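Colleague: A single structure is presented below for examination.
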Amino acid sequence: QVFIPPATFPPPPTTSTAIAKCLSNTKKTRILQLEKMLALNNTRACTGIATTRATTQTKSAAVRTVFSKSRNSSLSCQLRSARSSVRSLQASSTKRVTSVASTVSELAADAVVDNGNVEMIESPEQFYDALKRAGDKMVVLDISTKTCGPCKFVYPHFVTMSKEQEDVVFLKIFGDYSLETRSLMKEWGIRSVPQFHFYSKGEKIESHGGANPDNLKAKVAEVKARC
């Protein structure tokens, strides 16, 4: 038998020492766990921040793009509107110049036109006075407007008749000359021009429409023969 002296055996740990060692190991384990959890949370937080930052940058870029497109679109609309306004002003200016030129041309034409023995009527009073002054003579009234092309075509023939037939009174009235002449047009029921009204002793006896010179001459001769 081998005898081992008792001193070679480690002394058995006391209860307090075992408990302290156990608690120490538990704290270390818990600390490690907490450190791991903290590291994991930090990693997740960093990842989330990076993701959020990237998302924010993407959204910001998208917003800038939309804003830029909207701004460009707005500028394009403004540019188109400005160009349209310029074209409208140019067209309006052209129309005004054309209108002024036409008016000047008409005034110049009226200034040099030969009215022969045709009396121009500018008011109802002048018209009724002309009928009274005509006495027993037949009166032929040319009813037209300043913008009527056929009226301008037939008028020289009307002037020629006034020179050739001194026993007939020839009158002319522009229906659009004034409010007074417009009222006469309405009173007479004029719907088209040129119109020619025939009067004898102050009374209307016949009417004729159209710009055919030959038909007008024939009508004047026909009505004159009846008077």
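By convention here, the chains of the structure tokens are called A, B, ... in the order presented, each chain's residues are numbered starting at 1, and ligands are numbered starting at 1 in the order presented.
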Would you pick out the contacts of range 193-195 of chain A at 12 Å or less, using only C-alpha atoms, so that residues sharing its chain but fewer than 5 positions from it are not included, and give the list as a PyMOL selection string?
Modeller: chain A and resi 140-155+158+171-176+185+188+206-213+216
Colleague: Keeping only C-alpha atoms, take the residues you just selected and write them out as a compact mmCIF listing (two decimals), in the first residue's frame.
Modeller:
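again.txt, written as the output of this step:
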```txt
# COMPACT_ATOMS: atom_id res chain seq x y z
CA VAL A 140 -83.59 107.40 -108.01
CA LEU A 141 -81.91 106.64 -104.69
CA ASP A 142 -78.78 104.46 -104.62
CA ILE A 143 -78.54 102.65 -101.24
CA SER A 144 -75.15 101.12 -100.50
CA THR A 145 -72.40 100.78 -97.87
CA LYS A 146 -68.79 101.88 -97.82
CA THR A 147 -67.47 98.30 -97.81
CA CYS A 148 -69.75 96.92 -100.53
CA GLY A 149 -67.75 95.82 -103.59
CA PRO A 150 -70.71 95.48 -106.03
CA CYS A 151 -71.90 98.93 -104.93
CA LYS A 152 -68.55 100.43 -105.94
CA PHE A 153 -68.70 98.57 -109.25
CA VAL A 154 -72.11 99.88 -110.33
CA TYR A 155 -71.74 103.42 -109.00
CA PHE A 158 -75.07 105.46 -111.87
CA LEU A 171 -79.36 110.46 -104.86
CA LYS A 172 -76.95 108.22 -102.97
CA ILE A 173 -76.85 107.20 -99.31
CA PHE A 174 -74.37 105.09 -97.36
CA GLY A 175 -76.33 102.98 -94.88
CA ASP A 176 -73.31 102.68 -92.57
CA MET A 185 -81.84 101.37 -93.58
CA TRP A 188 -86.73 100.71 -95.24
CA GLU A 206 -90.54 101.01 -107.39
CA SER A 207 -87.38 99.28 -106.20
CA HIS A 208 -84.53 97.40 -107.85
CA GLY A 209 -81.64 95.31 -106.53
CA GLY A 210 -78.34 94.14 -107.99
CA ALA A 211 -75.14 95.53 -109.46
CA ASN A 212 -75.77 94.77 -113.15
CA PRO A 213 -75.43 98.14 -114.96
CA LEU A 216 -80.26 99.18 -113.79
```
Colleague: Which residues are near range 130-134 of chain A? Cut-off 9 Å, only C-alpha atoms, ignore same chain within fewer than 2 positions. Put them as a ChimeraX atom specification.
Modeller: /A:119,121,125-128,136-139,168-169,171,199-203
Colleague: Restricting the output to C-alpha atoms, write the selected residues as a CSV table (one decimal), in the first residue's frame.
Modeller:
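That gives us out.csv:
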```
chain,number,residue,atom,x,y,z
A,119,GLU,CA,-76.4,114.2,-104.4
A,121,ILE,CA,-77.5,112.0,-98.6
A,125,GLU,CA,-83.7,115.5,-93.1
A,126,GLN,CA,-81.5,115.9,-96.2
A,127,PHE,CA,-83.3,113.0,-97.9
A,128,TYR,CA,-86.8,114.3,-97.4
A,136,ASP,CA,-92.4,116.4,-110.4
A,137,LYS,CA,-89.1,114.8,-111.4
A,138,MET,CA,-88.5,111.1,-110.8
A,139,VAL,CA,-86.0,110.4,-108.0
A,168,VAL,CA,-84.1,112.7,-113.2
A,169,VAL,CA,-82.8,113.3,-109.7
A,171,LEU,CA,-79.4,110.5,-104.9
A,199,TYR,CA,-89.8,108.0,-106.0
A,200,SER,CA,-92.3,110.2,-107.7
A,201,LYS,CA,-93.8,113.3,-106.0
A,202,GLY,CA,-92.4,112.1,-102.7
A,203,GLU,CA,-93.8,108.6,-102.9
```
Colleague: One decimal, Å: what's the distance from CA of Ser183 in chain A over to CA of Gly116 in chain A, could you say?
Modeller: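 Atom-to-atom, CA of Ser183 in chain A to CA of Gly116 in chain A, that is 26.8 Å.
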Colleague: To one decimal place in Å, what is the distance between CA of Arg226 in chain A and CA of Asp167 in chain A?
Modeller: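 Atom-to-atom, CA of Arg226 in chain A to CA of Asp167 in chain A, that is 14.0 Å.
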